[in-house]
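J.: Once you've had a glance at the structure underneath, I'll fire off some questions.
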Amino acid sequence: MEYDEKLARFRQAHLNPFNKEIGPRQHEQRASEETSEVASEEALPELPPGEPEFCCTERVMDLGLSEDHFSRPVLRQAIEECKQVILELPEHSEKQKDAVVRLIHLRLKLQELKDPNEDEPNIRVLLEHRFYKEKSKSVKQTCDKCNTIIWGLIQTWYTCTGCYYRCHSKCLNLISKPCVRSKVSHQAEYELNICPETGLDSQDYRCAECRAPISLRGVPSEARQCDYTGQYYCSHCHWNDLAVIPARVVHNWDFEPRKVSRCSMRYLALMVSRPVLRLREINPLLFNYVEELVEIRKLRQDILLMKPYFITCKEAMEARLLLQLQDRQHFVENDEMYSIQDLLDAHTGRLGCSLTETHTLFAKHIKLDCERCQAKGFVCELCREGDVLFPFDSHTSVCTECSAVFHRDCYYDNSTTCPKCARLTLRKQSLFQEPGPDVDA
């Protein structure tokens with residue numbers, strides 16, 4: 001049939017159905033149908049003045065599509081008139097089929113021009129997810145709920161601003177898992193047991209997230225293990241994503257990515273920069289085998305000793321030197337907490353290089369550039385030599401009681417107590433000593 005052939009050619013992008021060119025054969029066919037459809041054509045809307053003389057059905061079909069620019073009111077009018085034409089045309093006729101095809105394209109065109117604020121809200125809050133309606137039409141994404149492609153051109157989709165969960169608008173009400181960001185905010189800690197598997201029987205042979213039936217044989221669905229939680233998931237909740245496992249890092253210094261579930265992947269991605277690992281308590285022997293960590297710990301301790309100089313220095317505050325570590329703010333707060341990103345960068349060598357550069361910059365300001373900071377240096381009271389000492393110098397030692405600075409060799413070779421501590425003790429005794437009777441007389 002000629003219509004089916006034209007429709008097939010249109011689907012292959014060889015023919016535009018909106019350009020109506022009537023050939024001889026089609027003209028004869030339509031001429032034979034004119035007498036039987038006179039009544040239906042008389043009931044169609046009349047052409048406004050100034051319109052070219054062609055069939056009313058063609059006018060309705062071309063309305064809003066024969067121009068390069070479109071407007072929603074015109075397209076809505078065309079859709080309503082096209083519906084009316086479909087109802088009035090004979091059933092299963094070629095013209096009715098053609099009208100249905102054009103109605104579909106009119107609706108698709110209206111969908112493209114649809115105002116995003118018209119029907120669905122820009123923000124939806126569900127199970128602590130804060131979903132924001134995406135406006136991108138060309139980026140190809142996959143729905144985290146139904147595991148199908150999101151066609152941004154004709155489908156509305158949302159992204160959670162907290163955990164970056166993506167889904168169709170039709171899948172929003174089917175979500176059963178709370179936002180991972182809430183777990184990170186309320187309970188920011190890692191599972192530090194390596195792949196703590198308990199078996200499928202403890203899960204009742206169901207997916208740990210959506211509770212769908214699973215088995216290792218793949219019937220009815222394949223069971224996939226998450227190396228982070230040790231639990232099993234279905235193929236919709238476990239896409240074989242790869243991630244570095246914190247437990248393997250702190251215990252084995254192993255950074256090989258392993259397969260994790262979608263939920264675990266989002267949680268690990270949100271936690272990667274959070275300093276929640278206290279390595280001295282979790283695995284103190286790690287510093288004996290990883291030289292990079294020893295160097296980084298010494299640099300962090302020196303930076304903490306430099307911090308009081310910058311807080312009381314006007315030039316340092318104006319230059320905002322401490323902002324050199326704004327991506328690792330915990331480095332200027334303590335020397336014990338680490339994030340997974342810190343350990344990753346230490347493993348690759350990037351952290352040691354960046355900390356060395358920052359340490360050099362800070363030391364240059366204190367010892368060379370700023371006179372105020374230089375005036376806060378120390379002179380060794382044990383040897384009385386003239387060089388100025390700072391607590392972060394590599395050849396010095398600091399008294400744990402009064403924070404006085406000495407040469408390391410002088411401090412350990414001298415068996416006496418710290419001179420500054422002795423002076424402070426005598427001063428306290430003289431202040432609190434009660435005056436005798438002779439003094440009163």
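If you're wondering about the labels, chains in the structure tokens are A, B, ... by order shown, residues count from 1 in each chain, ligands from 1 in order shown.
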As a list in words, please: all residues of stretch 138-214 of chain A that backbone DSSP puts in helix (DSSP H, G or I).

T.: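 DSSP on the backbone gives helix (DSSP H, G or I) at Ser169, Lys170, Cys171, Leu172, Asn173, Leu174, Val180, Arg181, Ser182, Lys183, Val184, Ser185, His186, Leu200, Asp201, Ser202 and Gln203 of chain A.
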
J.: Any chance you can output those residues with N, CA and C atoms as a PDB file, in the first residue's frame?

T.:
```pdb
ATOM      1  N   SER A 169      10.605  10.910  36.132  1.00  0.00           N
ATOM      2  CA  SER A 169       9.566  11.466  36.997  1.00  0.00           C
ATOM      3  C   SER A 169       8.545  10.398  37.370  1.00  0.00           C
ATOM      4  N   LYS A 170       8.311   9.433  36.470  1.00  0.00           N
ATOM      5  CA  LYS A 170       7.348   8.366  36.758  1.00  0.00           C
ATOM      6  C   LYS A 170       7.864   7.389  37.809  1.00  0.00           C
ATOM      7  N   CYS A 171       9.193   7.381  38.044  1.00  0.00           N
ATOM      8  CA  CYS A 171       9.780   6.454  39.017  1.00  0.00           C
ATOM      9  C   CYS A 171       9.951   7.071  40.398  1.00  0.00           C
ATOM     10  N   LEU A 172       9.621   8.349  40.554  1.00  0.00           N
ATOM     11  CA  LEU A 172       9.849   9.018  41.839  1.00  0.00           C
ATOM     12  C   LEU A 172       9.084   8.342  42.970  1.00  0.00           C
ATOM     13  N   ASN A 173       7.822   8.041  42.727  1.00  0.00           N
ATOM     14  CA  ASN A 173       6.993   7.464  43.788  1.00  0.00           C
ATOM     15  C   ASN A 173       7.322   6.002  44.076  1.00  0.00           C
ATOM     16  N   LEU A 174       8.188   5.397  43.258  1.00  0.00           N
ATOM     17  CA  LEU A 174       8.568   3.999  43.475  1.00  0.00           C
ATOM     18  C   LEU A 174       9.854   3.856  44.278  1.00  0.00           C
ATOM     19  N   VAL A 180      21.312   8.917  50.639  1.00  0.00           N
ATOM     20  CA  VAL A 180      22.552   8.539  51.311  1.00  0.00           C
ATOM     21  C   VAL A 180      23.161   9.733  52.031  1.00  0.00           C
ATOM     22  N   ARG A 181      22.883  10.942  51.558  1.00  0.00           N
ATOM     23  CA  ARG A 181      23.438  12.136  52.191  1.00  0.00           C
ATOM     24  C   ARG A 181      23.016  12.243  53.652  1.00  0.00           C
ATOM     25  N   SER A 182      21.796  11.822  53.971  1.00  0.00           N
ATOM     26  CA  SER A 182      21.340  11.876  55.356  1.00  0.00           C
ATOM     27  C   SER A 182      22.154  10.947  56.237  1.00  0.00           C
ATOM     28  N   LYS A 183      22.520   9.773  55.704  1.00  0.00           N
ATOM     29  CA  LYS A 183      23.352   8.838  56.480  1.00  0.00           C
ATOM     30  C   LYS A 183      24.740   9.422  56.693  1.00  0.00           C
ATOM     31  N   VAL A 184      25.273  10.086  55.675  1.00  0.00           N
ATOM     32  CA  VAL A 184      26.591  10.704  55.800  1.00  0.00           C
ATOM     33  C   VAL A 184      26.564  11.815  56.843  1.00  0.00           C
ATOM     34  N   SER A 185      25.451  12.563  56.897  1.00  0.00           N
ATOM     35  CA  SER A 185      25.352  13.682  57.831  1.00  0.00           C
ATOM     36  C   SER A 185      25.175  13.209  59.267  1.00  0.00           C
ATOM     37  N   HIS A 186      24.412  12.122  59.459  1.00  0.00           N
ATOM     38  CA  HIS A 186      24.089  11.682  60.813  1.00  0.00           C
ATOM     39  C   HIS A 186      25.054  10.628  61.351  1.00  0.00           C
ATOM     40  N   LEU A 200      23.589 -15.576  51.761  1.00  0.00           N
ATOM     41  CA  LEU A 200      22.281 -15.273  51.192  1.00  0.00           C
ATOM     42  C   LEU A 200      21.136 -15.686  52.101  1.00  0.00           C
ATOM     43  N   ASP A 201      21.359 -16.694  52.915  1.00  0.00           N
ATOM     44  CA  ASP A 201      20.276 -17.151  53.775  1.00  0.00           C
ATOM     45  C   ASP A 201      19.904 -16.086  54.805  1.00  0.00           C
ATOM     46  N   SER A 202      20.896 -15.292  55.255  1.00  0.00           N
ATOM     47  CA  SER A 202      20.585 -14.230  56.210  1.00  0.00           C
ATOM     48  C   SER A 202      19.753 -13.119  55.577  1.00  0.00           C
ATOM     49  N   GLN A 203      19.769 -13.047  54.241  1.00  0.00           N
ATOM     50  CA  GLN A 203      18.948 -12.065  53.519  1.00  0.00           C
ATOM     51  C   GLN A 203      17.658 -12.671  52.999  1.00  0.00           C
TER      52      GLN A 203
END
```

J.: Need the shell around stretch 237-248 of chain A: protein/DNA/RNA residues with any atom at most 6 Å away, counting only C-alpha atoms. Skip same-chain ones fewer than 2 positions apart. Format as an MDAnalysis selection string?

T.: chainID A and resid 192:194 233:235 250:252 254:255 257:262

J.: Find the residues around A:Leu293 up to 12 Å (only C-alpha atoms counted), leave out those fewer than 2 positions away in its own chain, and share them as a PyMOL selection string.

T.: chain A and resi 250+253+279-280+284-291+295-300+335-336+338+342-349+351-352+355

J.: Kindly give the distance, in Å, that separates atom CA of A:His129 and atom CA of A:Thr161, rounded to a single decimal.

T.: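 Value for the atom CA of A:His129-atom CA of A:Thr161 distance: 7.6 Å.
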
J.: Within 10 Å of A:Asn147, counting only C-alpha atoms, which residues qualify if same-chain residues fewer than 3 places away don't, as a VMD selection string?

T.: chain A and resid 141 to 144 150 167 235 to 237 239

J.: Could you turn the residues from that selection into a file that holds N, CA, C and O atoms, as an mmCIF file, in the first residue's frame?

T.:
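The resulting file, result.cif, is reproduced below:
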```
data_model
loop_
_atom_site.group_PDB
_atom_site.id
_atom_site.type_symbol
_atom_site.label_atom_id
_atom_site.label_comp_id
_atom_site.auth_asym_id
_atom_site.auth_seq_id
_atom_site.Cartn_x
_atom_site.Cartn_y
_atom_site.Cartn_z
ATOM 1 N N GLN A 141 21.527 9.600 30.162
ATOM 2 C CA GLN A 141 21.622 9.102 31.530
ATOM 3 C C GLN A 141 20.844 7.803 31.654
ATOM 4 O O GLN A 141 20.081 7.430 30.759
ATOM 5 N N THR A 142 21.051 7.146 32.792
ATOM 6 C CA THR A 142 20.335 5.906 33.088
ATOM 7 C C THR A 142 19.593 6.076 34.396
ATOM 8 O O THR A 142 20.147 6.577 35.373
ATOM 9 N N CYS A 143 18.344 5.660 34.417
ATOM 10 C CA CYS A 143 17.516 5.770 35.610
ATOM 11 C C CYS A 143 18.017 4.782 36.665
ATOM 12 O O CYS A 143 18.178 3.584 36.393
ATOM 13 N N ASP A 144 18.271 5.278 37.877
ATOM 14 C CA ASP A 144 18.760 4.422 38.957
ATOM 15 C C ASP A 144 17.681 3.508 39.503
ATOM 16 O O ASP A 144 18.001 2.548 40.220
ATOM 17 N N ILE A 150 17.248 7.276 30.112
ATOM 18 C CA ILE A 150 16.413 8.469 30.241
ATOM 19 C C ILE A 150 16.536 9.265 28.945
ATOM 20 O O ILE A 150 17.618 9.753 28.608
ATOM 21 N N CYS A 167 16.516 9.612 38.200
ATOM 22 C CA CYS A 167 15.392 8.747 37.846
ATOM 23 C C CYS A 167 14.381 9.518 37.017
ATOM 24 O O CYS A 167 14.376 10.754 36.982
ATOM 25 N N SER A 235 20.554 -7.274 39.983
ATOM 26 C CA SER A 235 21.237 -6.543 38.912
ATOM 27 C C SER A 235 20.730 -5.110 38.773
ATOM 28 O O SER A 235 21.424 -4.259 38.215
ATOM 29 N N HIS A 236 19.531 -4.804 39.274
ATOM 30 C CA HIS A 236 19.019 -3.440 39.221
ATOM 31 C C HIS A 236 19.675 -2.566 40.285
ATOM 32 O O HIS A 236 19.801 -1.351 40.086
ATOM 33 N N CYS A 237 20.083 -3.153 41.404
ATOM 34 C CA CYS A 237 20.697 -2.385 42.490
ATOM 35 C C CYS A 237 22.216 -2.505 42.512
ATOM 36 O O CYS A 237 22.870 -1.801 43.282
ATOM 37 N N TRP A 239 25.287 -2.541 39.737
ATOM 38 C CA TRP A 239 25.677 -2.401 38.333
ATOM 39 C C TRP A 239 27.146 -2.727 38.106
ATOM 40 O O TRP A 239 27.733 -2.317 37.110
#
```

J.: According to DSSP computed on the backbone, where in stretch 187-424 of chain A is there strand (DSSP E or B)? Give the residues as an NGL selection string.

T.: :A and (206 or 213 or 215 or 222 or 224-225 or 232-233 or 241-243 or 258-260 or 277-278 or 337-338 or 378 or 389 or 396-398 or 405-407)

J.: Which residues come within 12 Å of A:Cys421, counting only C-alpha atoms, excluding same-chain residues fewer than 2 positions away, as an mmCIF file with N, CA and C atoms, in the first residue's frame?

T.:
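Generated output (selection.cif):
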```cif
data_model
loop_
_atom_site.group_PDB
_atom_site.id
_atom_site.type_symbol
_atom_site.label_atom_id
_atom_site.label_comp_id
_atom_site.auth_asym_id
_atom_site.auth_seq_id
_atom_site.Cartn_x
_atom_site.Cartn_y
_atom_site.Cartn_z
ATOM 1 N N GLU A 381 68.429 28.312 75.303
ATOM 2 C CA GLU A 381 68.906 28.757 76.602
ATOM 3 C C GLU A 381 69.927 27.810 77.210
ATOM 4 N N CYS A 399 59.929 21.819 74.427
ATOM 5 C CA CYS A 399 59.539 21.382 75.759
ATOM 6 C C CYS A 399 58.027 21.155 75.805
ATOM 7 N N THR A 400 57.634 20.033 76.286
ATOM 8 C CA THR A 400 56.202 19.706 76.311
ATOM 9 C C THR A 400 55.432 20.529 77.333
ATOM 10 N N GLU A 401 56.119 21.118 78.334
ATOM 11 C CA GLU A 401 55.446 21.866 79.387
ATOM 12 C C GLU A 401 55.265 23.338 79.031
ATOM 13 N N CYS A 402 56.360 23.996 78.600
ATOM 14 C CA CYS A 402 56.302 25.437 78.360
ATOM 15 C C CYS A 402 56.461 25.816 76.901
ATOM 16 N N SER A 403 56.664 24.832 76.009
ATOM 17 C CA SER A 403 56.803 25.063 74.566
ATOM 18 C C SER A 403 58.061 25.842 74.209
ATOM 19 N N ALA A 404 59.050 25.888 75.078
ATOM 20 C CA ALA A 404 60.326 26.510 74.739
ATOM 21 C C ALA A 404 61.069 25.632 73.733
ATOM 22 N N VAL A 405 61.898 26.283 72.894
ATOM 23 C CA VAL A 405 62.574 25.589 71.803
ATOM 24 C C VAL A 405 64.074 25.554 72.085
ATOM 25 N N THR A 416 69.727 18.514 83.058
ATOM 26 C CA THR A 416 68.953 19.388 83.931
ATOM 27 C C THR A 416 67.568 19.601 83.362
ATOM 28 N N THR A 417 66.707 20.213 84.158
ATOM 29 C CA THR A 417 65.357 20.503 83.699
ATOM 30 C C THR A 417 65.382 21.707 82.768
ATOM 31 N N CYS A 418 64.244 21.973 82.165
ATOM 32 C CA CYS A 418 64.114 23.100 81.238
ATOM 33 C C CYS A 418 64.297 24.404 82.008
ATOM 34 N N PRO A 419 65.204 25.298 81.577
ATOM 35 C CA PRO A 419 65.415 26.561 82.302
ATOM 36 C C PRO A 419 64.156 27.404 82.398
ATOM 37 N N ARG A 423 62.211 28.741 85.871
ATOM 38 C CA ARG A 423 61.884 30.134 86.171
ATOM 39 C C ARG A 423 60.401 30.307 86.465
ATOM 40 N N LEU A 424 59.565 29.666 85.688
ATOM 41 C CA LEU A 424 58.124 29.775 85.907
ATOM 42 C C LEU A 424 57.724 29.200 87.267
ATOM 43 N N THR A 425 58.367 28.130 87.676
ATOM 44 C CA THR A 425 58.057 27.523 88.977
ATOM 45 C C THR A 425 58.438 28.451 90.118
ATOM 46 N N LEU A 426 59.615 29.068 90.023
ATOM 47 C CA LEU A 426 60.044 30.001 91.066
ATOM 48 C C LEU A 426 59.133 31.230 91.124
ATOM 49 N N ARG A 427 58.697 31.677 89.977
ATOM 50 C CA ARG A 427 57.814 32.851 89.955
ATOM 51 C C ARG A 427 56.482 32.538 90.626
ATOM 52 N N LYS A 428 55.933 31.375 90.359
ATOM 53 C CA LYS A 428 54.671 30.996 90.989
ATOM 54 C C LYS A 428 54.819 30.883 92.508
#
```
